[in-house]
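Worksheet: one structure, shown below.
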Amino acid sequence: MTKMSKDQRGNAVYAREHAEPVERNNPVPWLLGLIAASLCVWGVSYFLLDPELAPAPVSSTQGAATTPQAPAPVAVDGAQIFASRCASCHQTTGAGLPGVFPPLAGSELVNGDASKVAEILLLGINGPITVKDATFNGVMPAFGHQLSDAEIAAVASHVRASFGNKSPAVTADVVKAERAKLGNRSTPLAGGSELQAQP
């Protein structure tokens, strides 16, 4: 066995080691670039081709830019308001709860004067009320500070046209007139007696 010199041993150790890693220049695969470009084109065309998402063109009249049109008002959904604010007491069927909450189905008050319905929704009722020959003594909350005239008209119209009721719709103008008539009053109606006594 021959003896290796110190240099030979160092070269042998060096020969057993792996080469140092080299950083190469790897380009992005062409398929990935094609997909990214396609997504960009699709995104831009999505916004440009949809008329609701496209920016409104600025038209000019004799050199002056016109102001954009106000969006059309969205119709208020009376059924949704009823479901979120009224159904827990009067039930989704409008039958109410016997002895606790009066029914809306076939109710004289619901199918009566539209301004009375608006007044009930605006102020609420606290005290005994008779509906379909049954007396109910509870509290109905006021919605005058929570809902707009259009929302109150929508829920009143929904109730007057649902649960077998076939009364005409209540307009926002009726609610607005009733709100003006009530002024700053915030106390609820004192039962059915006060409601009937009011003109």
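By order in the structure tokens, chains are A, B, ...; within a chain, residues start at 1; ligands start at 1, following the order shown.
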Neighbour list for Ser193 in chain A as a list in words, cut-off 12 Å, only C-alpha atoms, skip fewer than 2 positions in-chain: Ile125, Asn126, Gly127, Pro128, Ile129, Thr130, Thr135, Leu189, Ala190, Gly191, Leu195, Gln196, Ala197 and Gln198 of chain A
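The protein and nucleic acid residues lying at most 12 Å from Ala83 in chain A are Asp77, Cys89, His90, Gln91, Thr92, Thr93, Gly94, Val155, His158 and Val159 of chain A, with only C-alpha atoms considered and sequence neighbours fewer than 6 positions away removed.
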For N, CA and C atoms, I'd like the residues from the last selection saved as a PDB file, in the first residue's frame.
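After the write, out.pdb holds the following:
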ATOM      1  N   ASP A  77     -89.006  46.285  -0.945  1.00  0.00           N
ATOM      2  CA  ASP A  77     -89.655  44.983  -0.841  1.00  0.00           C
ATOM      3  C   ASP A  77     -90.399  44.883   0.492  1.00  0.00           C
ATOM      4  N   CYS A  89     -93.980  38.276  15.434  1.00  0.00           N
ATOM      5  CA  CYS A  89     -95.190  38.418  16.257  1.00  0.00           C
ATOM      6  C   CYS A  89     -96.434  37.956  15.499  1.00  0.00           C
ATOM      7  N   HIS A  90     -96.621  38.479  14.285  1.00  0.00           N
ATOM      8  CA  HIS A  90     -97.849  38.197  13.535  1.00  0.00           C
ATOM      9  C   HIS A  90     -97.755  36.899  12.741  1.00  0.00           C
ATOM     10  N   GLN A  91     -96.604  36.225  12.762  1.00  0.00           N
ATOM     11  CA  GLN A  91     -96.359  34.958  12.088  1.00  0.00           C
ATOM     12  C   GLN A  91     -96.276  35.155  10.583  1.00  0.00           C
ATOM     13  N   THR A  92     -95.622  34.233   9.924  1.00  0.00           N
ATOM     14  CA  THR A  92     -95.444  34.332   8.473  1.00  0.00           C
ATOM     15  C   THR A  92     -96.755  34.151   7.724  1.00  0.00           C
ATOM     16  N   THR A  93     -97.737  33.555   8.381  1.00  0.00           N
ATOM     17  CA  THR A  93     -99.045  33.356   7.754  1.00  0.00           C
ATOM     18  C   THR A  93     -99.984  34.528   8.004  1.00  0.00           C
ATOM     19  N   GLY A  94     -99.586  35.472   8.867  1.00  0.00           N
ATOM     20  CA  GLY A  94    -100.449  36.600   9.217  1.00  0.00           C
ATOM     21  C   GLY A  94    -101.542  36.221  10.193  1.00  0.00           C
ATOM     22  N   VAL A 155     -94.518  47.842   3.315  1.00  0.00           N
ATOM     23  CA  VAL A 155     -94.930  46.765   4.217  1.00  0.00           C
ATOM     24  C   VAL A 155     -96.439  46.808   4.438  1.00  0.00           C
ATOM     25  N   HIS A 158     -97.985  45.298   1.403  1.00  0.00           N
ATOM     26  CA  HIS A 158     -97.786  43.838   1.415  1.00  0.00           C
ATOM     27  C   HIS A 158     -98.828  43.172   2.310  1.00  0.00           C
ATOM     28  N   VAL A 159     -99.030  43.710   3.503  1.00  0.00           N
ATOM     29  CA  VAL A 159     -99.977  43.113   4.441  1.00  0.00           C
ATOM     30  C   VAL A 159    -101.402  43.212   3.898  1.00  0.00           C
TER      31      VAL A 159
END
To one decimal in Å, tell me the separation between CA of Asp149 in chain A and CA of Ile120 in chain A.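 CA of Ile120 in chain A lies at a distance of 13.1 Å from CA of Asp149 in chain A.
Of the residues in range 11-198 of chain A, those given strand (DSSP E) by DSSP on the backbone are Ser60, Thr61, Ala64, Ala65, Ile125, Asn126, Gly127, Pro128, Ile129, Thr130, Val131, Ala134, Thr135, Phe136, Asn137, Gly138, Val139 and Met140 of chain A.
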Counting only C-alpha atoms, which residue out of A:Thr171, A:Thr187, A:Ile81, A:Ala15 sits closest to Pro141 in chain A? A:Thr187
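Using only C-alpha atoms for every distance, the candidate list A:Ala114, A:Ser157, A:Lys132, A:Gly192 yields A:Ala114 as the residue closest to Glu178 in chain A.
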Between CA of Met140 in chain A and CA of Pro98 in chain A, what is the distance, to one decimal in Å?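 Computing the Euclidean distance for CA of Met140 in chain A and CA of Pro98 in chain A yields 15.2 Å.
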Residues of range 133-174 of chain A in helix (DSSP H, G or I), written as an MDAnalysis selection string: chainID A and resid 149:161 172:174
Pick out the closest residue to Asn137 in chain A from this set: A:Gly124, A:Pro102, A:Gly78, A:Pro188. Count only C-alpha atoms. A:Pro102
Work out how far apart CA of Gly138 in chain A and CA of Glu108 in chain A are and give it in Å to one decimal. 17.7 Å
Neighbouring residues of Val76 in chain A were defined as those with any atom within 10 Å, considering only C-alpha atoms; residues of the same chain fewer than 3 positions away were excluded. Please report them as a count of residues only. 10
